[in-house]
$ cat entry-v3.cif   # mmCIF, C-alpha atoms and all ligand atoms
data_run
#
loop_
_atom_site.group_PDB
_atom_site.id
_atom_site.type_symbol
_atom_site.label_atom_id
_atom_site.label_comp_id
_atom_site.auth_asym_id
_atom_site.auth_seq_id
_atom_site.Cartn_x
_atom_site.Cartn_y
_atom_site.Cartn_z
ATOM 1 C CA MET A 1 46.474 0.214 -30.237
ATOM 2 C CA ASP A 2 47.224 1.792 -26.834
ATOM 3 C CA LYS A 3 45.465 0.716 -23.645
ATOM 4 C CA LYS A 4 41.787 1.452 -23.141
ATOM 5 C CA LEU A 5 41.093 5.012 -22.015
ATOM 6 C CA VAL A 6 38.772 6.220 -19.233
ATOM 7 C CA VAL A 7 38.227 9.974 -19.030
ATOM 8 C CA GLY A 8 36.452 11.749 -16.160
ATOM 9 C CA ASN A 9 34.935 15.019 -17.354
ATOM 10 C CA TRP A 10 34.003 16.925 -14.213
ATOM 11 C CA LYS A 11 32.434 19.780 -16.193
ATOM 12 C CA MET A 12 31.718 22.914 -14.098
ATOM 13 C CA ASN A 13 31.786 21.076 -10.775
ATOM 14 C CA LEU A 14 33.957 20.868 -7.649
ATOM 15 C CA LEU A 15 35.831 23.501 -5.701
ATOM 16 C CA ARG A 16 39.550 22.939 -5.208
ATOM 17 C CA GLU A 17 39.210 21.187 -1.854
ATOM 18 C CA GLU A 18 36.602 18.808 -3.279
ATOM 19 C CA ALA A 19 38.819 18.219 -6.309
ATOM 20 C CA ARG A 20 41.749 17.407 -4.031
ATOM 21 C CA GLU A 21 39.676 14.919 -2.035
ATOM 22 C CA LEU A 22 38.255 13.187 -5.083
ATOM 23 C CA SER A 23 41.511 12.835 -7.002
ATOM 24 C CA GLY A 24 43.430 11.859 -3.854
ATOM 25 C CA ALA A 25 40.872 9.180 -2.992
ATOM 26 C CA LEU A 26 40.940 7.843 -6.537
ATOM 27 C CA VAL A 27 44.731 7.481 -6.581
ATOM 28 C CA ASN A 28 44.546 5.716 -3.195
ATOM 29 C CA LEU A 29 41.974 3.245 -4.439
ATOM 30 C CA LEU A 30 43.698 2.570 -7.745
ATOM 31 C CA GLY A 31 47.213 2.448 -6.310
ATOM 32 C CA GLU A 32 49.964 4.600 -7.759
ATOM 33 C CA GLY A 33 51.169 1.983 -10.223
ATOM 34 C CA TYR A 34 47.758 1.230 -11.753
ATOM 35 C CA ASP A 35 48.112 1.058 -15.503
ATOM 36 C CA ALA A 36 45.650 -1.564 -16.695
ATOM 37 C CA CYS A 37 43.978 1.242 -18.590
ATOM 38 C CA GLN A 38 44.848 4.915 -19.087
ATOM 39 C CA VAL A 39 42.884 7.189 -16.737
ATOM 40 C CA VAL A 40 42.507 10.918 -17.409
ATOM 41 C CA LEU A 41 40.914 13.469 -15.075
ATOM 42 C CA ALA A 42 39.569 16.663 -16.641
ATOM 43 C CA PRO A 43 38.751 19.113 -13.834
ATOM 44 C CA PRO A 44 37.740 22.746 -14.364
ATOM 45 C CA TYR A 45 40.679 25.121 -14.996
ATOM 46 C CA THR A 46 40.656 26.370 -11.393
ATOM 47 C CA ALA A 47 41.357 22.883 -10.043
ATOM 48 C CA LEU A 48 44.026 21.812 -12.560
ATOM 49 C CA GLU A 49 46.875 22.519 -10.189
ATOM 50 C CA VAL A 50 45.495 20.731 -7.120
ATOM 51 C CA VAL A 51 44.593 17.696 -9.194
ATOM 52 C CA ARG A 52 48.009 17.758 -10.851
ATOM 53 C CA ASN A 53 49.639 17.603 -7.407
ATOM 54 C CA CYS A 54 47.391 14.748 -6.245
ATOM 55 C CA ILE A 55 48.053 12.563 -9.286
ATOM 56 C CA SER A 56 51.714 13.413 -9.851
ATOM 57 C CA ALA A 57 53.056 10.115 -8.455
ATOM 58 C CA SER A 58 50.477 8.000 -10.309
ATOM 59 C CA ASN A 59 49.780 7.037 -13.920
ATOM 60 C CA VAL A 60 46.625 9.150 -13.985
ATOM 61 C CA ASP A 61 46.931 11.938 -16.557
ATOM 62 C CA LEU A 62 45.658 15.506 -16.353
ATOM 63 C CA GLY A 63 43.320 16.883 -19.007
ATOM 64 C CA ALA A 64 41.475 20.124 -19.659
ATOM 65 C CA GLN A 65 37.880 20.444 -20.800
ATOM 66 C CA ASN A 66 38.473 23.089 -23.436
ATOM 67 C CA VAL A 67 41.107 25.271 -25.106
ATOM 68 C CA PHE A 68 41.067 28.369 -27.302
ATOM 69 C CA GLY A 69 41.997 28.263 -30.987
ATOM 70 C CA GLU A 70 44.615 31.022 -30.987
ATOM 71 C CA VAL A 71 48.199 30.968 -29.756
ATOM 72 C CA ARG A 72 48.099 34.132 -27.586
ATOM 73 C CA GLY A 73 46.765 37.652 -27.469
ATOM 74 C CA ALA A 74 43.767 39.784 -26.573
ATOM 75 C CA PHE A 75 41.194 37.047 -25.976
ATOM 76 C CA THR A 76 39.799 37.870 -22.548
ATOM 77 C CA GLY A 77 38.814 34.819 -20.578
ATOM 78 C CA GLU A 78 40.390 32.268 -22.886
ATOM 79 C CA VAL A 79 43.190 29.757 -22.263
ATOM 80 C CA SER A 80 45.694 28.601 -24.903
ATOM 81 C CA ALA A 81 47.084 25.143 -25.608
ATOM 82 C CA SER A 82 50.576 26.115 -24.416
ATOM 83 C CA MET A 83 49.066 27.373 -21.126
ATOM 84 C CA LEU A 84 47.452 23.976 -20.657
ATOM 85 C CA VAL A 85 50.771 22.226 -21.260
ATOM 86 C CA ASP A 86 52.372 24.648 -18.798
ATOM 87 C CA ALA A 87 49.675 23.751 -16.230
ATOM 88 C CA GLY A 88 50.564 20.064 -16.555
ATOM 89 C CA CYS A 89 47.887 18.881 -18.980
ATOM 90 C CA ARG A 90 48.639 16.048 -21.366
ATOM 91 C CA TRP A 91 45.105 15.924 -22.765
ATOM 92 C CA VAL A 92 42.331 18.258 -23.803
ATOM 93 C CA ILE A 93 38.676 17.568 -24.593
ATOM 94 C CA ILE A 94 37.608 19.357 -27.775
ATOM 95 C CA GLY A 95 34.179 19.685 -29.382
ATOM 96 C CA HIS A 96 32.102 18.519 -26.440
ATOM 97 C CA SER A 97 28.415 18.777 -27.304
ATOM 98 C CA GLU A 98 27.816 21.245 -24.461
ATOM 99 C CA ARG A 99 30.325 23.554 -26.114
ATOM 100 C CA ARG A 100 28.871 22.968 -29.573
ATOM 101 C CA HIS A 101 25.238 23.383 -28.556
ATOM 102 C CA ILE A 102 25.208 25.658 -25.480
ATOM 103 C CA LEU A 103 28.219 27.824 -26.336
ATOM 104 C CA GLY A 104 27.781 27.785 -30.107
ATOM 105 C CA GLU A 105 31.170 26.368 -31.084
ATOM 106 C CA THR A 106 31.485 25.752 -34.799
ATOM 107 C CA ASN A 107 33.258 22.980 -36.696
ATOM 108 C CA GLU A 108 35.765 25.548 -37.945
ATOM 109 C CA GLN A 109 36.619 26.683 -34.386
ATOM 110 C CA ILE A 110 36.983 23.055 -33.368
ATOM 111 C CA ARG A 111 39.361 22.432 -36.283
ATOM 112 C CA GLU A 112 41.544 25.354 -35.140
ATOM 113 C CA LYS A 113 41.585 24.064 -31.552
ATOM 114 C CA VAL A 114 42.578 20.583 -32.718
ATOM 115 C CA SER A 115 45.377 21.798 -34.906
ATOM 116 C CA LEU A 116 46.885 24.184 -32.313
ATOM 117 C CA SER A 117 46.607 21.641 -29.505
ATOM 118 C CA ILE A 118 48.363 18.989 -31.588
ATOM 119 C CA SER A 119 51.152 21.395 -32.438
ATOM 120 C CA CYS A 120 51.647 22.047 -28.702
ATOM 121 C CA GLY A 121 51.965 18.322 -27.987
ATOM 122 C CA LEU A 122 48.575 17.794 -26.330
ATOM 123 C CA LYS A 123 46.613 14.620 -26.866
ATOM 124 C CA ILE A 124 43.000 15.208 -27.812
ATOM 125 C CA ILE A 125 39.653 13.692 -27.002
ATOM 126 C CA LEU A 126 37.513 14.838 -29.913
ATOM 127 C CA CYS A 127 33.785 14.547 -29.215
ATOM 128 C CA VAL A 128 31.328 13.833 -31.997
ATOM 129 C CA GLY A 129 27.704 12.740 -31.990
ATOM 130 C CA GLU A 130 24.231 13.247 -33.377
ATOM 131 C CA THR A 131 21.367 15.129 -31.725
ATOM 132 C CA GLU A 132 18.045 13.481 -30.932
ATOM 133 C CA ALA A 133 16.427 15.339 -33.846
ATOM 134 C CA GLN A 134 19.093 14.061 -36.251
ATOM 135 C CA ARG A 135 18.621 10.475 -35.059
ATOM 136 C CA GLU A 136 14.837 10.761 -35.358
ATOM 137 C CA GLU A 137 15.129 12.220 -38.831
ATOM 138 C CA ALA A 138 17.329 9.311 -39.876
ATOM 139 C CA ILE A 139 14.701 6.861 -38.614
ATOM 140 C CA ARG A 140 11.836 8.779 -40.305
ATOM 141 C CA LYS A 141 13.558 9.071 -43.664
ATOM 142 C CA SER A 142 14.787 5.546 -43.819
ATOM 143 C CA GLU A 143 13.148 3.477 -46.501
ATOM 144 C CA ASP A 144 16.028 1.026 -46.155
ATOM 145 C CA VAL A 145 19.034 0.363 -43.934
ATOM 146 C CA LEU A 146 21.475 2.146 -46.228
ATOM 147 C CA THR A 147 19.461 5.370 -46.327
ATOM 148 C CA ARG A 148 18.950 5.298 -42.567
ATOM 149 C CA ARG A 149 22.673 4.874 -42.048
ATOM 150 C CA ARG A 150 23.517 7.641 -44.499
ATOM 151 C CA PHE A 151 21.362 10.105 -42.527
ATOM 152 C CA LEU A 152 22.525 8.831 -39.162
ATOM 153 C CA PHE A 153 26.216 8.960 -40.006
ATOM 154 C CA SER A 154 26.165 12.267 -41.824
ATOM 155 C CA PRO A 155 26.568 14.609 -38.773
ATOM 156 C CA ILE A 156 29.451 12.472 -37.508
ATOM 157 C CA ARG A 157 31.160 12.467 -40.905
ATOM 158 C CA THR A 158 30.879 16.267 -41.095
ATOM 159 C CA GLN A 159 32.273 16.761 -37.570
ATOM 160 C CA MET A 160 35.165 14.362 -38.069
ATOM 161 C CA GLU A 161 36.160 15.461 -41.561
ATOM 162 C CA SER A 162 36.121 19.060 -40.502
ATOM 163 C CA ALA A 163 38.118 18.558 -37.286
ATOM 164 C CA LEU A 164 40.726 16.156 -38.684
ATOM 165 C CA ARG A 165 41.235 17.262 -42.261
ATOM 166 C CA SER A 166 44.485 19.137 -41.689
ATOM 167 C CA LEU A 167 46.165 16.344 -39.711
ATOM 168 C CA ASP A 168 48.654 13.813 -41.008
ATOM 169 C CA GLU A 169 48.959 10.119 -40.168
ATOM 170 C CA LYS A 170 51.337 10.738 -37.280
ATOM 171 C CA GLN A 171 49.302 13.517 -35.688
ATOM 172 C CA VAL A 172 46.074 11.529 -35.720
ATOM 173 C CA SER A 173 47.622 8.960 -33.403
ATOM 174 C CA ASP A 174 47.436 11.637 -30.665
ATOM 175 C CA ILE A 175 43.649 11.718 -30.975
ATOM 176 C CA ALA A 176 40.896 9.663 -29.399
ATOM 177 C CA ILE A 177 37.378 10.029 -30.774
ATOM 178 C CA ALA A 178 34.561 10.085 -28.213
ATOM 179 C CA TYR A 179 31.207 9.125 -29.685
ATOM 180 C CA GLU A 180 28.653 10.895 -27.501
ATOM 181 C CA PRO A 181 25.077 10.851 -28.765
ATOM 182 C CA VAL A 182 23.806 14.239 -27.595
ATOM 183 C CA TRP A 183 20.511 12.737 -26.409
ATOM 184 C CA ALA A 184 22.396 10.441 -24.017
ATOM 185 C CA ILE A 185 24.515 13.072 -22.253
ATOM 186 C CA GLY A 186 23.367 13.720 -18.704
ATOM 187 C CA THR A 187 19.925 12.292 -19.480
ATOM 188 C CA GLY A 188 20.229 8.788 -18.057
ATOM 189 C CA LYS A 189 19.468 7.421 -21.550
ATOM 190 C CA THR A 190 22.224 5.270 -23.019
ATOM 191 C CA ALA A 191 22.632 3.991 -26.533
ATOM 192 C CA THR A 192 22.127 0.237 -26.819
ATOM 193 C CA SER A 193 25.079 -2.040 -27.501
ATOM 194 C CA LEU A 194 23.895 -2.418 -31.098
ATOM 195 C CA GLU A 195 23.597 1.334 -31.589
ATOM 196 C CA ILE A 196 27.062 1.879 -30.128
ATOM 197 C CA ALA A 197 28.605 -0.874 -32.260
ATOM 198 C CA GLU A 198 27.005 0.480 -35.431
ATOM 199 C CA ILE A 199 28.365 4.011 -34.960
ATOM 200 C CA HIS A 200 31.774 2.913 -33.669
ATOM 201 C CA GLN A 201 32.191 0.665 -36.735
ATOM 202 C CA TYR A 202 31.318 3.597 -38.940
ATOM 203 C CA ILE A 203 33.801 5.880 -37.142
ATOM 204 C CA ARG A 204 36.497 3.239 -37.633
ATOM 205 C CA GLU A 205 35.687 3.008 -41.354
ATOM 206 C CA LEU A 206 35.893 6.759 -41.671
ATOM 207 C CA LEU A 207 39.194 6.897 -39.782
ATOM 208 C CA THR A 208 40.790 4.251 -41.974
ATOM 209 C CA GLU A 209 39.434 5.961 -45.083
ATOM 210 C CA MET A 210 40.966 9.283 -43.979
ATOM 211 C CA PHE A 211 44.153 7.797 -42.468
ATOM 212 C CA PRO A 212 44.879 4.414 -44.053
ATOM 213 C CA GLY A 213 48.167 4.070 -42.127
ATOM 214 C CA SER A 214 47.036 4.886 -38.585
ATOM 215 C CA GLY A 215 43.220 5.049 -38.536
ATOM 216 C CA ASN A 216 43.108 1.573 -37.010
ATOM 217 C CA ASN A 217 45.107 2.702 -33.974
ATOM 218 C CA VAL A 218 42.869 5.596 -32.954
ATOM 219 C CA ARG A 219 40.856 4.842 -29.843
ATOM 220 C CA ILE A 220 37.084 5.249 -30.071
ATOM 221 C CA LEU A 221 35.380 5.973 -26.743
ATOM 222 C CA TYR A 222 31.704 5.920 -25.854
ATOM 223 C CA GLY A 223 30.191 8.684 -23.729
ATOM 224 C CA GLY A 224 26.691 9.540 -22.560
ATOM 225 C CA SER A 225 25.284 8.475 -19.186
ATOM 226 C CA VAL A 226 27.996 5.892 -18.563
ATOM 227 C CA LYS A 227 27.299 4.490 -15.072
ATOM 228 C CA THR A 228 28.221 1.530 -12.898
ATOM 229 C CA CYS A 229 24.963 -0.161 -13.946
ATOM 230 C CA ASN A 230 25.680 -0.058 -17.689
ATOM 231 C CA ILE A 231 29.488 -0.073 -17.940
ATOM 232 C CA GLU A 232 29.730 -3.864 -18.297
ATOM 233 C CA ASP A 233 27.403 -3.836 -21.310
ATOM 234 C CA ILE A 234 29.227 -0.890 -22.855
ATOM 235 C CA VAL A 235 32.744 -2.321 -22.538
ATOM 236 C CA SER A 236 31.584 -5.672 -23.827
ATOM 237 C CA VAL A 237 31.014 -4.007 -27.210
ATOM 238 C CA GLU A 238 34.082 -5.009 -29.162
ATOM 239 C CA GLU A 239 34.469 -1.647 -30.899
ATOM 240 C CA VAL A 240 34.609 0.321 -27.609
ATOM 241 C CA ASP A 241 38.164 1.357 -26.672
ATOM 242 C CA GLY A 242 37.217 3.298 -23.549
ATOM 243 C CA VAL A 243 34.660 5.703 -22.089
ATOM 244 C CA LEU A 244 34.141 9.411 -21.436
ATOM 245 C CA VAL A 245 32.304 9.792 -18.140
ATOM 246 C CA GLY A 246 30.549 12.917 -16.856
ATOM 247 C CA GLY A 247 28.255 12.660 -13.828
ATOM 248 C CA ALA A 248 29.536 9.300 -12.610
ATOM 249 C CA SER A 249 33.127 10.602 -12.467
ATOM 250 C CA LEU A 250 32.124 12.954 -9.635
ATOM 251 C CA SER A 251 31.841 10.073 -7.184
ATOM 252 C CA VAL A 252 35.026 8.202 -6.352
ATOM 253 C CA ASP A 253 33.170 4.927 -5.829
ATOM 254 C CA SER A 254 31.379 4.929 -9.139
ATOM 255 C CA PHE A 255 34.353 6.227 -11.131
ATOM 256 C CA PHE A 256 36.627 3.627 -9.558
ATOM 257 C CA LYS A 257 34.166 0.848 -10.437
ATOM 258 C CA ILE A 258 33.939 2.093 -14.002
ATOM 259 C CA ILE A 259 37.732 2.157 -14.327
ATOM 260 C CA LYS A 260 38.013 -1.366 -12.956
ATOM 261 C CA SER A 261 35.321 -2.605 -15.326
ATOM 262 C CA VAL A 262 37.256 -1.201 -18.260
ATOM 263 C CA GLY A 263 40.792 -2.077 -17.223
ATOM 264 C CA GLY A 264 40.374 -4.804 -14.648
HETATM 265 P P1 LIG B 301 27.357 12.101 -18.592
HETATM 266 O O1 LIG B 301 28.292 13.113 -19.431
HETATM 267 O O2 LIG B 301 28.188 10.887 -18.306
HETATM 268 O O3 LIG B 301 26.986 12.861 -17.357
HETATM 269 O O4 LIG B 301 26.186 11.789 -19.464
HETATM 270 C C1 LIG B 301 29.160 12.622 -20.406
HETATM 271 C C2 LIG B 301 29.873 13.760 -21.073
HETATM 272 O O5 LIG B 301 29.271 14.820 -21.229
HETATM 273 O O6 LIG B 301 31.052 13.665 -21.432
#
$ encode --input "entry-v3.cif" --output "structure tokens" --more "lines below"
Ligand code: PGA
Amino acid sequence: MDKKLVVGNWKMNLLREEARELSGALVNLLGEGYDACQVVLAPPYTALEVVRNCISASNVDLGAQNVFGEVRGAFTGEVSASMLVDAGCRWVIIGHSERRHILGETNEQIREKVSLSISCGLKIILCVGETEAQREEAIRKSEDVLTRRRFLFSPIRTQMESALRSLDEKQVSDIAIAYEPVWAIGTGKTATSLEIAEIHQYIRELLTEMFPGSGNNVRILYGGSVKTCNIEDIVSVEEVDGVLVGGASLSVDSFFKIIKSVGG
């Protein structure tokens, strides 16, 4: 498996000058040669270029937060995978819960985005996770551990099977799965180590079932209120191959500490 992966998802934050300061300060702190883990910054589209310039001499990679599922054409306001490559992106986040739940993205749209992005050579961070209602339902309906797990895992199985079904063994090695329980994103609530381990183990089983040759090499990240105060517990979970960080990636001090906790 590749090195652990730390992704900073800035969401709809930071003007270009702020983006320049933050990415510049991060590269200074890390040092240009830092490669103990792979770091990816995903700024908003408007700041891709300034961040690209700030990180160009370092091992930090550029990522986008979204992409459209068509190659080109009359899709006002959208950005294609080849445009992202042209803008210097190596990565794209697909299927983030804010896009699924606020912007109504469907599993089918996510599948199209995954397949086009892969064909353009982008690496993908595919987000999956259950809502609070789905987790509560699993707990309510569970007469036994197996039934609870079946309910709990079912939304993740649907999201992953749908997004990955057209990929082959080679293509899936360009994907990282980010498990982000929706109830933990931006809420300050984090899944416990046991909860994270349980779902990450399940995701690994599903990956090896779908891709017996390369499912073991796909990185599985945790996301959802990752902070300096909980990162040590999160990375100590054996099944965690990295983290997807929202709010805490907007401060250079906290993001730097998180990176160092993951990579050393
Ligand atoms: P958060 O966001 O760290 O602010 O909870 C994580 C994410 O949405 O990727």
$ axis_aligned_box --input "entry-v3.cif" --around "ligand LIG 301 (chain B)" --padding-each-side "4 Å" --output "lines of an AutoDock Vina configuration file"
center_x = 28.6
center_y = 12.9
center_z = -19.4
size_x = 12.9
size_y = 11.9
size_z = 12.1
$ residues_around --input "entry-v3.cif" --residues "region 21-30 of chain A" --least-positions-apart "3" --cutoff "12 Å" --atoms "only C-alpha atoms" --output "PDB file with C-alpha atoms, in the frame of the given file"
ATOM      1  CA  GLY A   8      36.452  11.749 -16.160  1.00  0.00           C
ATOM      2  CA  TRP A  10      34.003  16.925 -14.213  1.00  0.00           C
ATOM      3  CA  ASN A  13      31.786  21.076 -10.775  1.00  0.00           C
ATOM      4  CA  LEU A  14      33.957  20.868  -7.649  1.00  0.00           C
ATOM      5  CA  LEU A  15      35.831  23.501  -5.701  1.00  0.00           C
ATOM      6  CA  ARG A  16      39.550  22.939  -5.208  1.00  0.00           C
ATOM      7  CA  GLU A  17      39.210  21.187  -1.854  1.00  0.00           C
ATOM      8  CA  GLU A  18      36.602  18.808  -3.279  1.00  0.00           C
ATOM      9  CA  GLY A  33      51.169   1.983 -10.223  1.00  0.00           C
ATOM     10  CA  TYR A  34      47.758   1.230 -11.753  1.00  0.00           C
ATOM     11  CA  ASP A  35      48.112   1.058 -15.503  1.00  0.00           C
ATOM     12  CA  ALA A  36      45.650  -1.564 -16.695  1.00  0.00           C
ATOM     13  CA  CYS A  37      43.978   1.242 -18.590  1.00  0.00           C
ATOM     14  CA  GLN A  38      44.848   4.915 -19.087  1.00  0.00           C
ATOM     15  CA  VAL A  39      42.884   7.189 -16.737  1.00  0.00           C
ATOM     16  CA  VAL A  40      42.507  10.918 -17.409  1.00  0.00           C
ATOM     17  CA  LEU A  41      40.914  13.469 -15.075  1.00  0.00           C
ATOM     18  CA  ALA A  42      39.569  16.663 -16.641  1.00  0.00           C
ATOM     19  CA  PRO A  43      38.751  19.113 -13.834  1.00  0.00           C
ATOM     20  CA  ALA A  47      41.357  22.883 -10.043  1.00  0.00           C
ATOM     21  CA  LEU A  48      44.026  21.812 -12.560  1.00  0.00           C
ATOM     22  CA  GLU A  49      46.875  22.519 -10.189  1.00  0.00           C
ATOM     23  CA  VAL A  50      45.495  20.731  -7.120  1.00  0.00           C
ATOM     24  CA  VAL A  51      44.593  17.696  -9.194  1.00  0.00           C
ATOM     25  CA  ARG A  52      48.009  17.758 -10.851  1.00  0.00           C
ATOM     26  CA  ASN A  53      49.639  17.603  -7.407  1.00  0.00           C
ATOM     27  CA  CYS A  54      47.391  14.748  -6.245  1.00  0.00           C
ATOM     28  CA  ILE A  55      48.053  12.563  -9.286  1.00  0.00           C
ATOM     29  CA  SER A  56      51.714  13.413  -9.851  1.00  0.00           C
ATOM     30  CA  ALA A  57      53.056  10.115  -8.455  1.00  0.00           C
ATOM     31  CA  SER A  58      50.477   8.000 -10.309  1.00  0.00           C
ATOM     32  CA  ASN A  59      49.780   7.037 -13.920  1.00  0.00           C
ATOM     33  CA  VAL A  60      46.625   9.150 -13.985  1.00  0.00           C
ATOM     34  CA  ASP A  61      46.931  11.938 -16.557  1.00  0.00           C
ATOM     35  CA  LEU A  62      45.658  15.506 -16.353  1.00  0.00           C
ATOM     36  CA  SER A 249      33.127  10.602 -12.467  1.00  0.00           C
ATOM     37  CA  LEU A 250      32.124  12.954  -9.635  1.00  0.00           C
ATOM     38  CA  SER A 251      31.841  10.073  -7.184  1.00  0.00           C
ATOM     39  CA  VAL A 252      35.026   8.202  -6.352  1.00  0.00           C
ATOM     40  CA  ASP A 253      33.170   4.927  -5.829  1.00  0.00           C
ATOM     41  CA  SER A 254      31.379   4.929  -9.139  1.00  0.00           C
ATOM     42  CA  PHE A 255      34.353   6.227 -11.131  1.00  0.00           C
ATOM     43  CA  PHE A 256      36.627   3.627  -9.558  1.00  0.00           C
ATOM     44  CA  LYS A 257      34.166   0.848 -10.437  1.00  0.00           C
ATOM     45  CA  ILE A 258      33.939   2.093 -14.002  1.00  0.00           C
ATOM     46  CA  ILE A 259      37.732   2.157 -14.327  1.00  0.00           C
ATOM     47  CA  LYS A 260      38.013  -1.366 -12.956  1.00  0.00           C
ATOM     48  CA  GLY A 263      40.792  -2.077 -17.223  1.00  0.00           C
ATOM     49  CA  GLY A 264      40.374  -4.804 -14.648  1.00  0.00           C
TER      50      GLY A 264
END
$ closest_residue --input "entry-v3.cif" --among "A:Ile199, A:Leu103, A:Val145, A:Val235" --to "Val128 (chain A)" --atoms "only C-alpha atoms"
A:Ile199
$ resolve_selection --input "entry-v3.cif" --expression "the PyMOL selection byres (((chain A and resi 113) around 10) and not hetatm)" --output "list in words"
Asn66, Val67, Phe68, Gly69, Glu70, Val71, Ser80, Ala81, Val92, Ile93, Ile94, Gly95, Asn107, Glu108, Gln109, Ile110, Arg111, Glu112, Val114, Ser115, Leu116, Ser117, Ile118, Ser119, Ile124 and Ala163 of chain A
$ atom_distance --input "entry-v3.cif" --atom1 "atom O4 of ligand LIG 301 (chain B)" --atom2 "CA of Ala248 (chain A)"
8.0 Å
$ resolve_selection --input "entry-v3.cif" --expression "the PyMOL selection byres (((not hetatm)) within 8 of (chain B and resi 301))" --output "PyMOL selection string"
chain A and resi 8-9+11+96-98+180+184-188+223-227+244-249
$ write_last_selection --input "entry-v3.cif" --atoms "C-alpha atoms" --output "PDB file, in the coordinates of the input"
ATOM      1  CA  GLY A   8      36.452  11.749 -16.160  1.00  0.00           C
ATOM      2  CA  ASN A   9      34.935  15.019 -17.354  1.00  0.00           C
ATOM      3  CA  LYS A  11      32.434  19.780 -16.193  1.00  0.00           C
ATOM      4  CA  HIS A  96      32.102  18.519 -26.440  1.00  0.00           C
ATOM      5  CA  SER A  97      28.415  18.777 -27.304  1.00  0.00           C
ATOM      6  CA  GLU A  98      27.816  21.245 -24.461  1.00  0.00           C
ATOM      7  CA  GLU A 180      28.653  10.895 -27.501  1.00  0.00           C
ATOM      8  CA  ALA A 184      22.396  10.441 -24.017  1.00  0.00           C
ATOM      9  CA  ILE A 185      24.515  13.072 -22.253  1.00  0.00           C
ATOM     10  CA  GLY A 186      23.367  13.720 -18.704  1.00  0.00           C
ATOM     11  CA  THR A 187      19.925  12.292 -19.480  1.00  0.00           C
ATOM     12  CA  GLY A 188      20.229   8.788 -18.057  1.00  0.00           C
ATOM     13  CA  GLY A 223      30.191   8.684 -23.729  1.00  0.00           C
ATOM     14  CA  GLY A 224      26.691   9.540 -22.560  1.00  0.00           C
ATOM     15  CA  SER A 225      25.284   8.475 -19.186  1.00  0.00           C
ATOM     16  CA  VAL A 226      27.996   5.892 -18.563  1.00  0.00           C
ATOM     17  CA  LYS A 227      27.299   4.490 -15.072  1.00  0.00           C
ATOM     18  CA  LEU A 244      34.141   9.411 -21.436  1.00  0.00           C
ATOM     19  CA  VAL A 245      32.304   9.792 -18.140  1.00  0.00           C
ATOM     20  CA  GLY A 246      30.549  12.917 -16.856  1.00  0.00           C
ATOM     21  CA  GLY A 247      28.255  12.660 -13.828  1.00  0.00           C
ATOM     22  CA  ALA A 248      29.536   9.300 -12.610  1.00  0.00           C
ATOM     23  CA  SER A 249      33.127  10.602 -12.467  1.00  0.00           C
TER      24      SER A 249
END
$ closest_residue --input "entry-v3.cif" --among "A:Glu132, A:Glu143, A:Glu232, A:Asp2" --to "Arg219 (chain A)" --atoms "all atoms listed in the file"
A:Asp2
$ closest_residue --input "entry-v3.cif" --among "A:Ala64, A:Cys127, A:Met1, A:Val7" --to "Val182 (chain A)" --atoms "only C-alpha atoms"
A:Cys127
$ atom_distance --input "entry-v3.cif" --atom1 "CA of Lys123 (chain A)" --atom2 "CA of Ser193 (chain A)"
27.2 Å
$ residues_around --input "entry-v3.cif" --residues "Ile203 (chain A)" --least-positions-apart "3" --cutoff "8 Å" --atoms "only C-alpha atoms" --output "list in words"
Ile156, Ile199, His200, Leu206, Leu207 and Ile220 of chain A
$ closest_residue --input "entry-v3.cif" --among "A:Gln159, A:Thr46, A:Thr76, A:Ser166" --to "Arg100 (chain A)" --atoms "only C-alpha atoms"
A:Gln159
$ atom_distance --input "entry-v3.cif" --atom1 "CA of Asp233 (chain A)" --atom2 "CA of Arg157 (chain A)"
25.8 Å
$ closest_residue --input "entry-v3.cif" --among "A:Ala138, A:Gly129, A:Phe153, A:Gly104" --to "Leu221 (chain A)" --atoms "only C-alpha atoms"
A:Gly129
$ closest_residue --input "entry-v3.cif" --among "A:Glu209, A:Ala19, A:Val172, A:Glu137" --to "Phe151 (chain A)" --atoms "only C-alpha atoms"
A:Glu137
$ decode --input "entry-v3.cif" --residues "region 207-220 of chain A" --atoms "C-alpha atoms" --output "mmCIF file, in the first residue's frame"
data_model
loop_
_atom_site.group_PDB
_atom_site.id
_atom_site.type_symbol
_atom_site.label_atom_id
_atom_site.label_comp_id
_atom_site.auth_asym_id
_atom_site.auth_seq_id
_atom_site.Cartn_x
_atom_site.Cartn_y
_atom_site.Cartn_z
ATOM 1 C CA LEU A 207 -13.074 -3.922 -1.566
ATOM 2 C CA THR A 208 -11.410 -7.324 -1.594
ATOM 3 C CA GLU A 209 -14.704 -8.966 -2.535
ATOM 4 C CA MET A 210 -15.109 -6.565 -5.480
ATOM 5 C CA PHE A 211 -11.403 -6.420 -6.422
ATOM 6 C CA PRO A 212 -9.633 -9.557 -5.190
ATOM 7 C CA GLY A 213 -6.341 -8.501 -6.828
ATOM 8 C CA SER A 214 -6.026 -4.910 -5.604
ATOM 9 C CA GLY A 215 -8.701 -4.294 -2.950
ATOM 10 C CA ASN A 216 -6.077 -4.699 -0.234
ATOM 11 C CA ASN A 217 -4.032 -1.791 -1.598
ATOM 12 C CA VAL A 218 -6.797 0.813 -1.576
ATOM 13 C CA ARG A 219 -6.357 3.367 1.177
ATOM 14 C CA ILE A 220 -9.267 3.862 3.571
#
